[in-house]
$ cat input_25.pdb   # PDB, C-alpha atoms
ATOM      1  CA  MET A   1     -20.479 -11.095  -4.897
ATOM      2  CA  ALA A   2     -22.170 -14.344  -3.931
ATOM      3  CA  GLN A   3     -22.382 -15.104  -0.231
ATOM      4  CA  GLU A   4     -20.094 -18.154  -0.465
ATOM      5  CA  ASP A   5     -17.346 -16.085  -2.067
ATOM      6  CA  VAL A   6     -17.308 -13.631   0.823
ATOM      7  CA  ALA A   7     -16.204 -16.274   3.323
ATOM      8  CA  THR A   8     -13.254 -17.175   1.124
ATOM      9  CA  VAL A   9     -12.249 -13.581   0.596
ATOM     10  CA  VAL A  10     -12.360 -12.811   4.320
ATOM     11  CA  GLU A  11      -9.661 -15.405   4.936
ATOM     12  CA  LYS A  12      -7.298 -13.748   2.471
ATOM     13  CA  SER A  13      -4.380 -11.753   3.721
ATOM     14  CA  VAL A  14      -4.771  -8.132   2.688
ATOM     15  CA  THR A  15      -1.921  -5.655   2.662
ATOM     16  CA  PHE A  16      -2.387  -1.926   3.171
ATOM     17  CA  THR A  17       0.475   0.109   1.792
ATOM     18  CA  ALA A  18      -0.520   3.764   2.153
ATOM     19  CA  TYR A  19      -2.830   5.967   4.188
ATOM     20  CA  LYS A  20      -3.997   9.190   2.564
ATOM     21  CA  PRO A  21      -6.451  11.526   4.259
ATOM     22  CA  GLN A  22      -8.954  12.969   1.797
ATOM     23  CA  LEU A  23     -10.118  16.476   2.616
ATOM     24  CA  ILE A  24     -13.528  17.100   1.074
ATOM     25  CA  VAL A  25     -14.034  20.819   0.499
ATOM     26  CA  GLU A  26     -16.905  22.953  -0.709
ATOM     27  CA  SER A  27     -17.542  23.037  -4.454
ATOM     28  CA  GLN A  28     -14.888  25.014  -6.369
ATOM     29  CA  LYS A  29     -12.811  25.610  -3.240
ATOM     30  CA  VAL A  30     -10.004  23.124  -3.944
ATOM     31  CA  GLY A  31      -7.771  25.889  -5.297
ATOM     32  CA  ASP A  32      -8.328  28.052  -2.223
ATOM     33  CA  ALA A  33      -7.673  25.128   0.097
ATOM     34  CA  VAL A  34      -4.478  24.193  -1.728
ATOM     35  CA  ALA A  35      -3.277  27.804  -1.522
ATOM     36  CA  PHE A  36      -4.019  27.834   2.210
ATOM     37  CA  TYR A  37      -2.179  24.565   2.923
ATOM     38  CA  LYS A  38       0.788  25.697   0.856
ATOM     39  CA  ALA A  39       0.971  29.050   2.648
ATOM     40  CA  VAL A  40       0.367  27.828   6.178
ATOM     41  CA  PHE A  41       1.777  24.311   6.281
ATOM     42  CA  GLY A  42       4.339  24.533   3.511
ATOM     43  CA  ALA A  43       2.516  21.783   1.611
ATOM     44  CA  GLU A  44       3.793  20.855  -1.838
ATOM     45  CA  GLU A  45       1.442  20.042  -4.681
ATOM     46  CA  THR A  46       2.330  16.704  -6.239
ATOM     47  CA  GLY A  47      -0.573  16.362  -8.663
ATOM     48  CA  HIS A  48      -3.990  17.651  -9.606
ATOM     49  CA  SER A  49      -7.023  17.245 -11.843
ATOM     50  CA  LEU A  50      -9.072  19.994 -13.429
ATOM     51  CA  TYR A  51     -12.768  20.152 -14.222
ATOM     52  CA  PRO A  52     -13.048  18.819 -17.758
ATOM     53  CA  LYS A  53     -16.474  20.349 -18.299
ATOM     54  CA  ARG A  54     -15.793  23.944 -17.438
ATOM     55  CA  LYS A  55     -17.631  26.608 -19.336
ATOM     56  CA  ALA A  56     -15.894  28.358 -22.204
ATOM     57  CA  ASP A  57     -16.433  31.752 -20.621
ATOM     58  CA  GLN A  58     -14.572  30.805 -17.467
ATOM     59  CA  GLU A  59     -11.111  32.239 -17.471
ATOM     60  CA  LEU A  60      -9.596  29.906 -14.938
ATOM     61  CA  PRO A  61     -10.064  26.179 -14.834
ATOM     62  CA  HIS A  62     -11.113  24.902 -11.435
ATOM     63  CA  LEU A  63      -9.221  22.230  -9.605
ATOM     64  CA  VAL A  64     -11.354  19.176  -9.015
ATOM     65  CA  SER A  65      -8.737  17.618  -6.785
ATOM     66  CA  ALA A  66      -5.145  18.082  -5.789
ATOM     67  CA  GLU A  67      -2.608  15.839  -4.149
ATOM     68  CA  LEU A  68      -0.368  17.478  -1.576
ATOM     69  CA  ASN A  69       2.623  16.423   0.440
ATOM     70  CA  LEU A  70       1.804  17.819   3.869
ATOM     71  CA  ALA A  71       4.324  17.136   6.639
ATOM     72  CA  GLY A  72       5.369  13.913   4.898
ATOM     73  CA  THR A  73       1.853  12.606   4.374
ATOM     74  CA  THR A  74       0.047  12.518   1.046
ATOM     75  CA  VAL A  75      -3.208  14.429   1.392
ATOM     76  CA  LEU A  76      -5.874  14.531  -1.298
ATOM     77  CA  VAL A  77      -7.977  17.698  -1.431
ATOM     78  CA  SER A  78     -11.206  17.014  -3.325
ATOM     79  CA  ASP A  79     -14.214  19.006  -4.447
ATOM     80  CA  VAL A  80     -17.380  17.759  -2.744
ATOM     81  CA  SER A  81     -19.187  17.820  -6.098
ATOM     82  CA  VAL A  82     -17.117  14.948  -7.478
ATOM     83  CA  ASN A  83     -18.265  12.917  -4.488
ATOM     84  CA  SER A  84     -21.934  13.640  -5.089
ATOM     85  CA  GLY A  85     -22.801   9.985  -5.511
ATOM     86  CA  SER A  86     -21.558   9.218  -2.025
ATOM     87  CA  ASN A  87     -22.251  10.224   1.554
ATOM     88  CA  ALA A  88     -19.271  12.587   1.560
ATOM     89  CA  ASN A  89     -19.838  16.023   3.030
ATOM     90  CA  LYS A  90     -17.677  19.102   2.863
ATOM     91  CA  GLY A  91     -15.508  19.283   5.946
ATOM     92  CA  SER A  92     -15.375  15.493   6.197
ATOM     93  CA  MET A  93     -12.122  13.599   6.017
ATOM     94  CA  PRO A  94     -12.410  10.003   4.841
ATOM     95  CA  ALA A  95      -9.187   8.025   4.834
ATOM     96  CA  ILE A  96      -7.933   6.481   1.629
ATOM     97  CA  LEU A  97      -6.084   3.200   2.090
ATOM     98  CA  GLU A  98      -4.097   1.738  -0.748
ATOM     99  CA  THR A  99      -4.392  -2.007  -0.770
ATOM    100  CA  ASP A 100      -3.402  -4.895  -2.993
ATOM    101  CA  ASP A 101      -6.924  -6.312  -2.868
ATOM    102  CA  VAL A 102      -9.831  -3.889  -2.664
ATOM    103  CA  GLU A 103     -12.551  -6.563  -2.650
ATOM    104  CA  ALA A 104     -10.888  -8.536   0.106
ATOM    105  CA  ALA A 105     -10.386  -5.366   2.133
ATOM    106  CA  VAL A 106     -14.091  -4.521   1.886
ATOM    107  CA  ALA A 107     -15.078  -8.076   2.780
ATOM    108  CA  LYS A 108     -12.719  -8.144   5.744
ATOM    109  CA  ALA A 109     -13.989  -4.799   7.059
ATOM    110  CA  VAL A 110     -17.632  -5.818   6.621
ATOM    111  CA  GLY A 111     -16.902  -9.136   8.310
ATOM    112  CA  ALA A 112     -15.593  -7.209  11.321
ATOM    113  CA  GLY A 113     -18.640  -4.963  11.560
ATOM    114  CA  ALA A 114     -18.134  -2.187   9.032
ATOM    115  CA  VAL A 115     -20.919  -1.178   6.662
ATOM    116  CA  LYS A 116     -20.321  -1.031   2.940
ATOM    117  CA  VAL A 117     -21.132   2.353   1.486
ATOM    118  CA  GLU A 118     -22.825   2.619  -1.879
ATOM    119  CA  GLU A 119     -20.279   2.464  -4.659
ATOM    120  CA  GLU A 120     -19.618   5.876  -6.126
ATOM    121  CA  VAL A 121     -20.604   6.733  -9.650
ATOM    122  CA  GLU A 122     -17.583   6.333 -11.904
ATOM    123  CA  GLY A 123     -16.297   9.865 -12.214
ATOM    124  CA  GLU A 124     -13.605  11.848 -13.921
ATOM    125  CA  GLU A 125     -11.077  10.488 -11.504
ATOM    126  CA  GLY A 126     -11.704   6.845 -12.268
ATOM    127  CA  GLY A 127     -14.034   6.321  -9.340
ATOM    128  CA  VAL A 128     -13.622   4.738  -5.973
ATOM    129  CA  LYS A 129     -13.213   1.029  -5.674
ATOM    130  CA  GLY A 130     -14.429   0.201  -2.204
ATOM    131  CA  LYS A 131     -15.810   2.249   0.648
ATOM    132  CA  VAL A 132     -16.895   1.286   4.137
ATOM    133  CA  THR A 133     -17.952   3.039   7.325
ATOM    134  CA  ASP A 134     -16.508   1.366  10.404
ATOM    135  CA  PRO A 135     -18.412   0.794  13.681
ATOM    136  CA  PHE A 136     -16.795   3.951  15.102
ATOM    137  CA  GLY A 137     -18.103   6.316  12.460
ATOM    138  CA  PHE A 138     -15.080   6.618  10.177
ATOM    139  CA  THR A 139     -15.138   6.195   6.433
ATOM    140  CA  TRP A 140     -12.389   4.224   4.698
ATOM    141  CA  ILE A 141     -11.887   4.197   0.967
ATOM    142  CA  PHE A 142      -9.923   1.294  -0.473
ATOM    143  CA  VAL A 143      -8.051   1.861  -3.715
ATOM    144  CA  SER A 144      -5.431  -0.100  -5.583
ATOM    145  CA  PRO A 145      -1.990   1.527  -5.651
ATOM    146  CA  ALA A 146      -2.172   1.964  -9.441
ATOM    147  CA  LYS A 147      -4.971   4.497  -8.939
ATOM    148  CA  LYS A 148      -2.433   6.910  -7.549
ATOM    149  CA  ASN A 149      -1.047   7.782 -10.960
ATOM    150  CA  GLU A 150      -4.348   9.155 -12.160
ATOM    151  CA  ASN A 151      -4.011  12.039  -9.755
ATOM    152  CA  ASP A 152      -0.699  13.002 -11.276
ATOM    153  CA  GLU A 153      -2.250  13.616 -14.661
ATOM    154  CA  ASN A 154      -3.482  16.929 -15.810
ATOM    155  CA  LYS A 155      -6.983  16.139 -16.968
ATOM    156  CA  GLU A 156      -7.632  19.430 -18.687
ATOM    157  CA  VAL A 157      -9.420  19.058 -22.006
TER
ATOM    158  CA  MET B 158      -0.214  37.435  22.700
ATOM    159  CA  ALA B 159      -0.171  41.133  21.939
ATOM    160  CA  GLN B 160      -1.210  42.214  18.457
ATOM    161  CA  GLU B 161       2.254  43.483  17.509
ATOM    162  CA  ASP B 162       3.796  40.121  18.388
ATOM    163  CA  VAL B 163       1.508  38.305  15.998
ATOM    164  CA  ALA B 164       2.878  40.118  12.972
ATOM    165  CA  THR B 165       6.393  39.102  13.939
ATOM    166  CA  VAL B 166       5.426  35.507  14.547
ATOM    167  CA  VAL B 167       3.644  35.235  11.200
ATOM    168  CA  GLU B 168       6.897  35.985   9.421
ATOM    169  CA  LYS B 169       8.659  33.113  11.132
ATOM    170  CA  SER B 170       9.402  29.984   9.213
ATOM    171  CA  VAL B 171       7.512  27.098  10.745
ATOM    172  CA  THR B 172       8.370  23.497  10.055
ATOM    173  CA  PHE B 173       5.845  20.687  10.153
ATOM    174  CA  THR B 174       7.435  17.301  10.646
ATOM    175  CA  ALA B 175       4.608  14.813  11.054
ATOM    176  CA  TYR B 176       0.935  14.418  10.231
ATOM    177  CA  LYS B 177      -1.095  12.157  12.510
ATOM    178  CA  PRO B 178      -4.823  11.694  12.055
ATOM    179  CA  GLN B 179      -6.647  11.541  15.386
ATOM    180  CA  LEU B 180      -9.697   9.302  15.405
ATOM    181  CA  ILE B 181     -12.110  10.434  18.123
ATOM    182  CA  VAL B 182     -14.262   7.522  19.236
ATOM    183  CA  GLU B 183     -17.175   7.136  21.624
ATOM    184  CA  SER B 184     -16.381   6.995  25.336
ATOM    185  CA  GLN B 185     -14.716   3.717  26.368
ATOM    186  CA  LYS B 186     -14.551   2.443  22.794
ATOM    187  CA  VAL B 187     -10.837   2.953  22.168
ATOM    188  CA  GLY B 188     -10.107  -0.704  22.925
ATOM    189  CA  ASP B 189     -12.779  -1.889  20.508
ATOM    190  CA  ALA B 190     -11.544   0.460  17.806
ATOM    191  CA  VAL B 191      -7.944  -0.658  18.256
ATOM    192  CA  ALA B 192      -9.014  -4.306  18.033
ATOM    193  CA  PHE B 193     -10.939  -3.518  14.840
ATOM    194  CA  TYR B 194      -8.043  -1.693  13.160
ATOM    195  CA  LYS B 195      -5.632  -4.458  14.148
ATOM    196  CA  ALA B 196      -7.927  -7.162  12.776
ATOM    197  CA  VAL B 197      -8.996  -5.436   9.584
ATOM    198  CA  PHE B 198      -6.066  -3.215   8.610
ATOM    199  CA  GLY B 199      -3.229  -5.078  10.288
ATOM    200  CA  ALA B 200      -2.480  -1.997  12.412
ATOM    201  CA  GLU B 201       0.224  -2.283  15.056
ATOM    202  CA  GLU B 202      -0.125  -0.657  18.454
ATOM    203  CA  THR B 203       2.903   1.498  19.217
ATOM    204  CA  GLY B 204       1.712   3.101  22.470
ATOM    205  CA  HIS B 205      -1.268   3.724  24.703
ATOM    206  CA  SER B 206      -2.584   5.457  27.815
ATOM    207  CA  LEU B 207      -5.048   4.048  30.320
ATOM    208  CA  TYR B 208      -7.731   5.788  32.377
ATOM    209  CA  PRO B 209      -6.011   6.703  35.633
ATOM    210  CA  LYS B 210      -9.276   7.190  37.525
ATOM    211  CA  ARG B 211     -10.958   3.885  36.848
ATOM    212  CA  LYS B 212     -13.102   2.400  39.579
ATOM    213  CA  ALA B 213     -11.671  -0.300  41.782
ATOM    214  CA  ASP B 214     -14.456  -2.699  40.851
ATOM    215  CA  GLN B 215     -13.615  -2.524  37.162
ATOM    216  CA  GLU B 216     -11.684  -5.557  36.112
ATOM    217  CA  LEU B 217     -10.182  -4.155  32.953
ATOM    218  CA  PRO B 218      -8.611  -0.753  32.607
ATOM    219  CA  HIS B 219      -9.947   1.237  29.691
ATOM    220  CA  LEU B 220      -7.723   2.664  27.032
ATOM    221  CA  VAL B 221      -7.944   6.443  26.945
ATOM    222  CA  SER B 222      -5.887   6.593  23.769
ATOM    223  CA  ALA B 223      -3.744   4.392  21.608
ATOM    224  CA  GLU B 224      -1.184   5.099  18.950
ATOM    225  CA  LEU B 225      -1.258   2.812  15.936
ATOM    226  CA  ASN B 226       0.865   2.312  12.891
ATOM    227  CA  LEU B 227      -1.724   1.950  10.143
ATOM    228  CA  ALA B 228      -0.403   1.481   6.610
ATOM    229  CA  GLY B 229       2.730   3.428   7.489
ATOM    230  CA  THR B 230       0.922   6.366   9.106
ATOM    231  CA  THR B 231       0.774   7.028  12.830
ATOM    232  CA  VAL B 232      -2.869   7.207  13.869
ATOM    233  CA  LEU B 233      -4.013   8.255  17.328
ATOM    234  CA  VAL B 234      -7.268   6.693  18.534
ATOM    235  CA  SER B 235      -8.700   8.796  21.366
ATOM    236  CA  ASP B 236     -11.663   8.602  23.709
ATOM    237  CA  VAL B 237     -14.057  11.508  23.117
ATOM    238  CA  SER B 238     -14.276  12.057  26.890
ATOM    239  CA  VAL B 239     -10.656  13.241  27.116
ATOM    240  CA  ASN B 240     -11.531  15.839  24.497
ATOM    241  CA  SER B 241     -14.549  17.117  26.421
ATOM    242  CA  GLY B 242     -13.145  20.617  26.725
ATOM    243  CA  SER B 243     -12.991  20.964  22.971
ATOM    244  CA  ASN B 244     -15.317  20.889  20.015
ATOM    245  CA  ALA B 245     -14.306  17.326  19.226
ATOM    246  CA  ASN B 246     -17.088  14.898  18.426
ATOM    247  CA  LYS B 247     -16.986  11.151  18.129
ATOM    248  CA  GLY B 248     -16.515  10.188  14.532
ATOM    249  CA  SER B 249     -14.483  13.314  13.865
ATOM    250  CA  MET B 250     -10.922  13.164  12.660
ATOM    251  CA  PRO B 251      -8.790  16.206  13.482
ATOM    252  CA  ALA B 252      -5.262  16.143  12.125
ATOM    253  CA  ILE B 253      -2.336  16.426  14.481
ATOM    254  CA  LEU B 254       0.659  18.245  13.034
ATOM    255  CA  GLU B 255       3.978  18.098  14.808
ATOM    256  CA  THR B 256       5.761  21.405  14.523
ATOM    257  CA  ASP B 257       8.849  23.059  15.919
ATOM    258  CA  ASP B 258       6.860  26.155  16.897
ATOM    259  CA  VAL B 259       3.273  25.705  18.006
ATOM    260  CA  GLU B 260       2.606  29.402  18.656
ATOM    261  CA  ALA B 261       3.952  30.455  15.275
ATOM    262  CA  ALA B 262       1.919  27.735  13.599
ATOM    263  CA  VAL B 263      -1.282  28.979  15.222
ATOM    264  CA  ALA B 264      -0.461  32.595  14.345
ATOM    265  CA  LYS B 265       0.325  31.678  10.759
ATOM    266  CA  ALA B 266      -2.898  29.701  10.366
ATOM    267  CA  VAL B 267      -4.996  32.447  11.964
ATOM    268  CA  GLY B 268      -3.285  35.026   9.777
ATOM    269  CA  ALA B 269      -4.373  33.034   6.726
ATOM    270  CA  GLY B 270      -7.990  32.805   7.828
ATOM    271  CA  ALA B 271      -8.177  29.932  10.300
ATOM    272  CA  VAL B 272     -10.005  30.310  13.602
ATOM    273  CA  LYS B 273      -8.283  29.472  16.853
ATOM    274  CA  VAL B 274     -10.200  26.906  18.856
ATOM    275  CA  GLU B 275     -10.462  27.249  22.612
ATOM    276  CA  GLU B 276      -7.439  25.726  24.291
ATOM    277  CA  GLU B 277      -8.264  22.379  25.819
ATOM    278  CA  VAL B 278      -8.246  21.828  29.538
ATOM    279  CA  GLU B 279      -4.930  20.300  30.501
ATOM    280  CA  GLY B 280      -5.778  16.619  30.727
ATOM    281  CA  GLU B 281      -4.202  13.317  31.579
ATOM    282  CA  GLU B 282      -2.356  13.334  28.297
ATOM    283  CA  GLY B 283      -0.622  16.639  28.814
ATOM    284  CA  GLY B 284      -3.133  18.649  26.847
ATOM    285  CA  VAL B 285      -3.105  20.119  23.420
ATOM    286  CA  LYS B 286      -0.904  23.047  22.559
ATOM    287  CA  GLY B 287      -2.602  24.752  19.669
ATOM    288  CA  LYS B 288      -5.786  24.076  17.735
ATOM    289  CA  VAL B 289      -7.347  25.819  14.766
ATOM    290  CA  THR B 290     -10.225  25.261  12.379
ATOM    291  CA  ASP B 291      -9.316  26.228   8.840
ATOM    292  CA  PRO B 292     -11.650  28.075   6.421
ATOM    293  CA  PHE B 293     -12.602  24.724   4.851
ATOM    294  CA  GLY B 294     -13.924  23.144   8.035
ATOM    295  CA  PHE B 295     -10.948  21.036   9.100
ATOM    296  CA  THR B 296      -9.425  21.017  12.556
ATOM    297  CA  TRP B 297      -5.645  21.025  12.972
ATOM    298  CA  ILE B 298      -3.905  20.384  16.258
ATOM    299  CA  PHE B 299      -0.343  21.620  16.578
ATOM    300  CA  VAL B 300       1.945  19.802  18.982
ATOM    301  CA  SER B 301       5.661  19.871  19.571
ATOM    302  CA  PRO B 302       7.451  16.644  18.590
ATOM    303  CA  ALA B 303       8.409  15.990  22.232
ATOM    304  CA  LYS B 304       4.757  15.439  23.054
ATOM    305  CA  LYS B 305       4.895  12.211  21.136
ATOM    306  CA  ASN B 306       6.671  10.364  23.898
ATOM    307  CA  GLU B 307       3.833  10.891  26.325
ATOM    308  CA  ASN B 308       1.689   8.551  24.316
ATOM    309  CA  ASP B 309       4.224   5.803  24.653
ATOM    310  CA  GLU B 310       3.941   5.801  28.405
ATOM    311  CA  ASN B 311       1.656   3.526  30.296
ATOM    312  CA  LYS B 312      -0.237   5.937  32.506
ATOM    313  CA  GLU B 313      -1.868   3.295  34.677
ATOM    314  CA  VAL B 314      -1.889   4.173  38.388
TER
END
$ encode --input "input_25.pdb" --output "structure tokens"
Amino acid sequence: MAQEDVATVVEKSVTFTAYKPQLIVESQKVGDAVAFYKAVFGAEETGHSLYPKRKADQELPHLVSAELNLAGTTVLVSDVSVNSGSNANKGSMPAILETDDVEAAVAKAVGAGAVKVEEEVEGEEGGVKGKVTDPFGFTWIFVSPAKKNENDENKEV
Amino acid sequence: MAQEDVATVVEKSVTFTAYKPQLIVESQKVGDAVAFYKAVFGAEETGHSLYPKRKADQELPHLVSAELNLAGTTVLVSDVSVNSGSNANKGSMPAILETDDVEAAVAKAVGAGAVKVEEEVEGEEGGVKGKVTDPFGFTWIFVSPAKKNENDENKEV
């Protein structure tokens, strides 16, 4: 984005419609984590994606991510390996914010002191649209609300 | 709690009624963080606590914690110094879960493989009731719903 465009975008009003914590877990541990949150917190699974590239000799497909309803909040449990292009670490919990304007959200955050994080490689899940780290050390991922539906699909091939 | 009690407690049905991310920020940075989240995400402040022990020569009281409505989710921004008795670090984001039975929640989580974290020292905010780290590296803080009101009070003295 050219520098002159940024100033315009910053002035835009941006609406944030949903907050979803993303729980990044160790590779191939999404299933275990989902089982734990179901058993302990009574979480309900509302969607998931499977590894599309699993080996033929593997009996069980691995979950690459799962969306849970946990105490009324939508929580996304994700395998750290699908976040390999980013600075995500297992045990970290970036916050996903649904917004009507991802670019404006990034520009607004950066204008207020946040640092833009390298765009993730487009992955099986459609990729992340915008990602910033705020001055207090927290990572925020901006996605458009339409993205949500992709997590409801069963991506098994 | 005696060992035989744990087994009984684990069988109990525990209800979780709210999920609140807690954003632990550097000492005396709660005000800055709140200003940032208001400016960038349009967050609304729904409650806060002030440092009760501030020095007389300080003009402005510091926020020790603030409760925000951020994209429909209640987020608690807290000063790392009020979490000094715990393993909390700035930039970390434990999840607060409101539950009708804190003890049962801890027992259930521990029974499923979570590790109980040392109880925090009772602080200005009334302290934390139960805290566990799950097998995937995430920290969960269990509080009773009544606790919520304490954050709405202005603790200035």
$ atom_distance --input "input_25.pdb" --atom1 "CA of Val197 in chain B" --atom2 "CA of Val80 in chain A"
27.6 Å
$ resolve_selection --input "input_25.pdb" --expression "the ChimeraX specification (/B :<10) & /A" --output "NGL selection string"
:A and (10 or 13-21 or 23-26 or 29-30 or 32-33 or 35-37 or 39-43 or 70-75 or 90-95 or 97-99 or 105-114 or 134-139)
$ residues_around --input "input_25.pdb" --residues "Val77 in chain A" --least-positions-apart "6" --cutoff "6 Å" --atoms "only C-alpha atoms" --output "list of chain:residue names"
A:Gln22, A:Leu23, A:Ser65, A:Ala66
$ axis_aligned_box --input "input_25.pdb" --around "range 46-51 of chain A" --padding-each-side "3 Å" --output "lines of an AutoDock Vina configuration file"
center_x = -5.2
center_y = 18.3
center_z = -10.2
size_x = 21.1
size_y = 9.8
size_z = 14.0
$ atom_distance --input "input_25.pdb" --atom1 "CA of Gly130 in chain A" --atom2 "CA of Asn89 in chain A"
17.5 Å
$ closest_residue --input "input_25.pdb" --among "A:Ile96, A:Val143, A:Val102, A:Val82" --to "Ser49 in chain A" --atoms "all atoms listed in the file"
A:Val82
$ resolve_selection --input "input_25.pdb" --expression "the PyMOL selection byres ((chain B and resi 224) around 6)" --output "ChimeraX atom specification"
/B:202-205,223,225,232-233
$ atom_distance --input "input_25.pdb" --atom1 "CA of Trp297 in chain B" --atom2 "CA of Val115 in chain A"
27.7 Å
$ decode --input "input_25.pdb" --residues "range 200-207 of chain B" --atoms "all heavy atoms" --output "mmCIF file, in the first residue's frame"
data_model
loop_
_atom_site.group_PDB
_atom_site.id
_atom_site.type_symbol
_atom_site.label_atom_id
_atom_site.label_comp_id
_atom_site.auth_asym_id
_atom_site.auth_seq_id
_atom_site.Cartn_x
_atom_site.Cartn_y
_atom_site.Cartn_z
ATOM 1 N N ALA B 200 -13.019 -0.229 21.675
ATOM 2 C CA ALA B 200 -13.404 -0.884 22.933
ATOM 3 C C ALA B 200 -14.055 0.118 23.876
ATOM 4 O O ALA B 200 -13.742 1.305 23.843
ATOM 5 C CB ALA B 200 -12.178 -1.500 23.599
ATOM 6 N N GLU B 201 -14.979 -0.379 24.687
ATOM 7 C CA GLU B 201 -15.629 0.470 25.689
ATOM 8 C C GLU B 201 -15.242 -0.001 27.077
ATOM 9 O O GLU B 201 -15.294 -1.188 27.372
ATOM 10 C CB GLU B 201 -17.155 0.377 25.541
ATOM 11 C CG GLU B 201 -17.670 1.104 24.322
ATOM 12 C CD GLU B 201 -19.149 0.847 24.093
ATOM 13 O OE1 GLU B 201 -19.856 0.564 25.075
ATOM 14 O OE2 GLU B 201 -19.568 0.904 22.927
ATOM 15 N N GLU B 202 -14.878 0.949 27.931
ATOM 16 C CA GLU B 202 -14.491 0.595 29.295
ATOM 17 C C GLU B 202 -15.742 0.378 30.130
ATOM 18 O O GLU B 202 -16.620 1.233 30.194
ATOM 19 C CB GLU B 202 -13.636 1.720 29.892
ATOM 20 C CG GLU B 202 -12.956 1.316 31.180
ATOM 21 C CD GLU B 202 -11.976 2.376 31.675
ATOM 22 O OE1 GLU B 202 -11.359 3.069 30.834
ATOM 23 O OE2 GLU B 202 -11.848 2.522 32.902
ATOM 24 N N THR B 203 -15.837 -0.788 30.761
ATOM 25 C CA THR B 203 -17.031 -1.092 31.552
ATOM 26 C C THR B 203 -16.729 -1.156 33.049
ATOM 27 O O THR B 203 -17.627 -1.353 33.853
ATOM 28 C CB THR B 203 -17.643 -2.429 31.095
ATOM 29 O OG1 THR B 203 -16.629 -3.441 31.085
ATOM 30 C CG2 THR B 203 -18.212 -2.311 29.694
ATOM 31 N N GLY B 204 -15.455 -0.984 33.426
ATOM 32 C CA GLY B 204 -15.099 -0.979 34.843
ATOM 33 C C GLY B 204 -13.605 -0.875 35.007
ATOM 34 O O GLY B 204 -12.860 -1.145 34.073
ATOM 35 N N HIS B 205 -13.166 -0.423 36.187
ATOM 36 C CA HIS B 205 -11.725 -0.390 36.431
ATOM 37 C C HIS B 205 -11.425 -0.312 37.922
ATOM 38 O O HIS B 205 -12.293 -0.012 38.733
ATOM 39 C CB HIS B 205 -11.066 0.792 35.703
ATOM 40 C CG HIS B 205 -11.489 2.135 36.215
ATOM 41 N ND1 HIS B 205 -12.441 2.901 35.583
ATOM 42 C CD2 HIS B 205 -11.123 2.829 37.311
ATOM 43 C CE1 HIS B 205 -12.620 4.023 36.251
ATOM 44 N NE2 HIS B 205 -11.846 4.008 37.315
ATOM 45 N N SER B 206 -10.175 -0.607 38.260
ATOM 46 C CA SER B 206 -9.678 -0.453 39.628
ATOM 47 C C SER B 206 -8.431 0.413 39.561
ATOM 48 O O SER B 206 -7.669 0.354 38.593
ATOM 49 C CB SER B 206 -9.283 -1.802 40.236
ATOM 50 O OG SER B 206 -10.349 -2.704 40.168
ATOM 51 N N LEU B 207 -8.219 1.189 40.614
ATOM 52 C CA LEU B 207 -7.030 2.045 40.670
ATOM 53 C C LEU B 207 -6.072 1.516 41.729
ATOM 54 O O LEU B 207 -6.468 0.792 42.633
ATOM 55 C CB LEU B 207 -7.417 3.480 41.028
ATOM 56 C CG LEU B 207 -8.388 4.174 40.073
ATOM 57 C CD1 LEU B 207 -8.797 5.523 40.657
ATOM 58 C CD2 LEU B 207 -7.747 4.366 38.708
#
